[in-house]
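Report on the following structure.
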Amino acid sequence: MATLSSALSIAVQSLGTATGELQVTNNNIANANTPGYTRQVAVLQEVAPTLDGTLSAGNGVELTGYQSVRNELLQTQINQETTAQGGANAQLSSLQAIEPTFTTSTNDIGTEISALFSSISSLSTNPTSSSSRPAVLTAGQNLATAFNTASSTLTSQQTGLNTQVTQDVSQINQLSKQIAALNPQIAVLKASGQDGGTLQDQQDQLVLKLSALTNVSVIQTPTGETVTTGNGTALVMGSQSFALQTATGSDGATVKVDDQSGSDITSTITGGDLGGTIQTRDTTIAGLKNQLDALASQFAAAMNTAQAKGYDQNGTAGAALFSSGGSGAAITAGNITLATTDPAAIAASSDGTSGSNGNLANLSAVQSTELPSGETPGDTYASLVYSVGSLTSNANAESTATTASLVQLNDQLSSVSGVSIDEESANLITYQQAYEAAARVVSTIQELFTVTMTMGTAAAE
Amino acid sequence: MRVTNMLPDMQYAMQQSQQNLSTALQQVSTGLRVNQLSDDPSASANMVSSLAASANVDQYTSNVSYLLPQMQTADSALSSIVTALNSAITDGTAGANGTETSAQRQSIASQVASVLTTVVAQANTSYAGVYVFGGSETSTPPFVAASTTYTSANGSAASPLSATTALTAGSVTTIGDATTGQTWSYTAAQGDNVGDLEAAIASAASTGKISANISASIVGGQLSISTGSSTAGIAVVSNDAALGSMNAADGTAVANAYAYVGNSSVNSVQVGDSMSVATNVPGSALFTSGANVIGSLSNLVTALQSGTTAQISAATTAVSTASSYIDQQRVPLDNSISQLNSQESYLGQEKITLTTQQTALVGINLANAATNLSQAELDNNAVLAAAAKVMPQTLLDYLK
């Protein structure tokens with residue numbers, strides 16, 4: 001049978017429910033701009049009715065809990081796109097630093113190659129000129145310097161990327177530890193039937209940061225999230241994290257990444273800043289260095305061969321014009337230098353007389369003759385310029401595309417999990433009215449209690 | 001779709017419009033569409049080739065500018081020589097008419113000797129310190145007054161050279177024969193000595209490369225190269241440090257005799273991708289071989305001094321032949337000069353073409369760049385205005 005007490009109980013319960021709803025709305029509004037915050041909604045349930053004869057009387061509403069509104073699929077997609085963006089940005093950053101070295105109008109290799117051949121052509125008009133001979137050596141040294149600078153820039157980038165690898169691995173280990181620390185706490189909540197809530201939001205943000213660093217795979221287990229790298233190396237299992245390590249490679253310079261057991265996993269890491277950094281260092285820049293070294297080596301060999309066909313100003317057979325600097329090592333872009341500082345050493349003569357310019361034609365011919373690589377020196381450099389430009393352009397395009405994609409994905413996630421101030425404002429009014437209504441019911445019941453207790457008394461009359 | 005917060009989209013839109021604005025501004029300020037390689041990798045690569053071609057054109061143009069006056073100087077010298085030879089022909093014709101006295105013929109002989117001196121001076125023409133008729137021996141006069149005997153500066157009775165004295169590897173010793181107009185050179189190989197040089201000279205004489213009477217020996221400790229005849233002259237030059245310079249022995253000069261100590265090398269200079277021009281005509285080809293200009297003048301002087309009328313006439317005819325020969329030798333030189341003038345015009349056009357190509361590759365029309373900038377500014381302002389309108393508004397502003 002319905003009583004004032006039961007009615008009061010229902011009203012009090014309503015007050016509590018409205019209070020709970022107000023609290024979750026307040027929390028949503030407070031965290032509207034918190035990165036990674038998933039909006040919560042109050043989960044209400046009708047209390048089981050009471051049967052009174054043929055009458056079924058409701059027992060009001062109860063607040064059973066708070067539920068975060070998540071979309072795991074969207075979150076996974078965002079993580080993947082963040083990984084792609086991290087990789088693209090890592091490559092773009094390095095390539096943009098390399099680009100200026102391969103310009104087409106200042107003291108770059110192409111300009112200095114042209115200057116060298118111009119100086120040789122100028123010398124051909126007067127092979128005994130005391131100004132034209134030193135000019136050839138100056139041009140030769142400028143070209144060697146241009147090679148050295150380009151090589152140094154690439155090496156410097158690789159050194160910087162080694163530092164980046166170490167920093168990324170350190171961050172990965174830190175994040176793994178933090179994710180592992182949250183796993184048991186979230187597991188307890190879920191075991192009691194509750195939503196992961198704020199702790200889950202924190203863990204999702206940590207996984208997002210981890211995704212920016214490297215490609216990861218996340219699997220939900222009863223003990224929490226299991227996180228592995230793309231090739232299956234464990235980072236987090238339950239409450240335990242597994243640290244990656246860095247070590248110097250066999251070349252004494254390259255920083256490699258090892259798993260917790262010491263196995264080299266460098267080449268298996270893909271995506272993210274770490275994957276992009278490793279790819280840029282070990283593939284992209286290494287490839288450019290090889291092309292540059294080949295150009296320097298083959299160009300020097302061709303010029304030295306042409307020198308050997310003629311005679312210097314003293315009538316002696318021509319000696320090498322370029323060398324590796326006395327170390328005896330093979331000529332590379334990093335060590336190429338002039339082998340002589342004596343202007344008389346330029347083998348201009350074809351017959352041993354100082355006034356002959358016959359061998360300068362052999363030196364000049366190097367400009368239009370294919371190197372063993374299959375292209376002339378100028379065309380080889382042009383190919384290098386194209387490589388750098390297109391690599392940078394592609395990285396830029398990928399960075400732009402992933403950024404645009406992330407904006408869209410975040411919009412989609414926000415539409416599910418984001419806080420709408422307008423919506424919460426409307427809810428605020430709704431829950432305020434519900435509270436006021438419930439309070440009004442309490443007041444009414446209170447008055448009824450007073451009437452009941454004073455029934456049949458003088459006060460009632 | 002539930003829209004919760006427009007700020008991220010607005011930020012992205014603003015970033016995009018500002019990037020476009022930055023690009024447009026850079027294009028206007030630089031005048032370039034391609035400011036880094038990634039803007040257009042293909043155009044950047046093509047620029048490398050185009051700039052290299054431009055550098056070549058610039059150098060070819062410089063080469064033409066250097067060579068033209070040098071070759072015009074050489075041509076002018078040949079023209080002067082032809083004029084001088086014509087004067088000698090007139091003198092020779094006068095001397096051969098049989099009516100001149102001995103004294104008059106001696107006077108004519110002196111005039112022709114003066115012509116010879118003029119011709120030799122023209123043959124030793126230089127331009128910017130370069131002797132233009134010496135082949136690749138451009139640093140010393142190619143035509144030297146002949147003497148019967150030349151001796152080395154090095155060596156003495158007290159410190160004599162010997163047959164086993166080592167020569168400097170790569171050094172060149174040249175003997176010019178005034179009688180035949182021939183030139184012979186010896187390049188010392190590693191391990192060669194003075195004895196080898198003496199033997200080589202003997203061999204050259206016996207095989208007709210130089211006059212048969214030329215020989216070399218050690219005299220007074222010095223290397224001595226001589227003709228063994230008071231009327232046959234030679235000139236010797238050497239850059240061998242072991243011998244020192246070769247000098248004419250005192251009192252051995254042969255009057256009106258000159259020898260060529262240059263060589264027959266021809267230098268070529270590239271003035272186009274597929275075009276080279278010969279920059280010199282060796283003096284041996286011009287003056288001492290073929291019609292032997294210098295020899296014919298020397299012979300005319302000798303004939304006028306002591307020859308018969310028939311000999312004077314024959315010598316005059318030889319000078320006439322030499323004059324025609326020089327005229328013919330001017331033709332290739334004149335052709336080269338004409339080629340250079342044409343090439344100069346072509347290179348000027350080529351430079352313009354390449355500059356236009358480079359502008360098309362990486363440049364941007366300033367009007368287009370300004371238009372792009374205006375549009376980018378408009379777009380950016382629109383995005384900012386939209387953001388300013390939309391972002392601050394929420395339902396709370398209307399709930400009072």
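Residues are referred to by chain and number: the chain letter is A, B, ... according to the order shown in the structure tokens, the number counts from 1 in that chain, and ligands are numbered separately from 1 in the order shown.
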request  = Find the residues near A:Asp293: any atom within 9 Å, counting only C-alpha atoms, skip ones fewer than 6 places away on the same chain, and give them as JSON, numbers by chain.
outcome  = {"A": [147, 151, 331, 332, 333, 334]}
Just to be explicit: take each residue in the selection above, keep C-alpha atoms, and write the result as a CSV table (one decimal), in the first residue's frame.
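After the write, again.csv holds the following:
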chain,number,residue,atom,x,y,z
A,147,PHE,CA,81.2,17.8,-51.6
A,151,SER,CA,78.5,15.0,-46.8
A,331,ILE,CA,87.7,8.9,-52.3
A,332,THR,CA,84.3,9.8,-50.8
A,333,ALA,CA,82.3,13.1,-50.7
A,334,GLY,CA,83.5,13.5,-47.1
For A:Leu288: contacts at 9 Å, only C-alpha atoms, fewer than 6 positions along chain excluded, given as an NGL selection string = :A and (154 or 384 or 387-388)
request  = Find the spatial neighbours of stretch 376-388 of chain B, counting only C-alpha atoms, within a cut-off of 12 Å - ignore same-chain residues fewer than 2 positions away - and output them as an MDAnalysis selection string.
outcome  = chainID B and resid 6:28 369:374 390:393
key: Spatial neighbours of B:Leu116, max dist 10 Å, only C-alpha atoms, sep filter under 3 positions, as JSON, numbers by chain   = {"B": [81, 84, 85, 88, 110, 111, 112, 113, 119, 120, 121, 122, 256, 257, 258, 293, 294, 295, 296, 297, 298, 300, 301]}
Put those residues in a file: C-alpha atoms, as an mmCIF file, in the first residue's frame.
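The resulting file, out-v8.cif, is reproduced below:
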data_model
loop_
_atom_site.group_PDB
_atom_site.id
_atom_site.type_symbol
_atom_site.label_atom_id
_atom_site.label_comp_id
_atom_site.auth_asym_id
_atom_site.auth_seq_id
_atom_site.Cartn_x
_atom_site.Cartn_y
_atom_site.Cartn_z
ATOM 1 C CA ILE B 81 103.919 40.660 -94.150
ATOM 2 C CA ALA B 84 106.351 43.915 -96.999
ATOM 3 C CA LEU B 85 106.814 41.029 -99.447
ATOM 4 C CA ALA B 88 110.608 43.168 -101.665
ATOM 5 C CA SER B 110 119.916 46.534 -97.863
ATOM 6 C CA GLN B 111 116.300 47.467 -98.501
ATOM 7 C CA VAL B 112 115.323 43.814 -98.882
ATOM 8 C CA ALA B 113 117.306 43.021 -95.709
ATOM 9 C CA VAL B 119 108.863 40.220 -91.704
ATOM 10 C CA VAL B 120 110.700 38.504 -88.837
ATOM 11 C CA ALA B 121 109.367 41.113 -86.409
ATOM 12 C CA GLN B 122 105.825 40.427 -87.655
ATOM 13 C CA ASN B 256 120.154 37.735 -92.772
ATOM 14 C CA ALA B 257 119.534 34.235 -91.496
ATOM 15 C CA TYR B 258 116.747 33.300 -89.111
ATOM 16 C CA VAL B 293 109.006 33.129 -96.798
ATOM 17 C CA ILE B 294 112.025 33.901 -94.650
ATOM 18 C CA GLY B 295 114.340 31.690 -96.667
ATOM 19 C CA SER B 296 113.244 33.303 -99.921
ATOM 20 C CA LEU B 297 113.899 36.808 -98.580
ATOM 21 C CA SER B 298 117.341 35.723 -97.280
ATOM 22 C CA LEU B 300 117.023 37.456 -102.436
ATOM 23 C CA VAL B 301 119.341 39.509 -100.221
#
ask   = Closest to A:Asp195 among A:Thr64, A:Ser420, A:Thr104, A:Ser356, using only C-alpha atoms?
value =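 Ranking A:Thr64, A:Ser420, A:Thr104, A:Ser356 by distance to A:Asp195, first place goes to A:Thr64.
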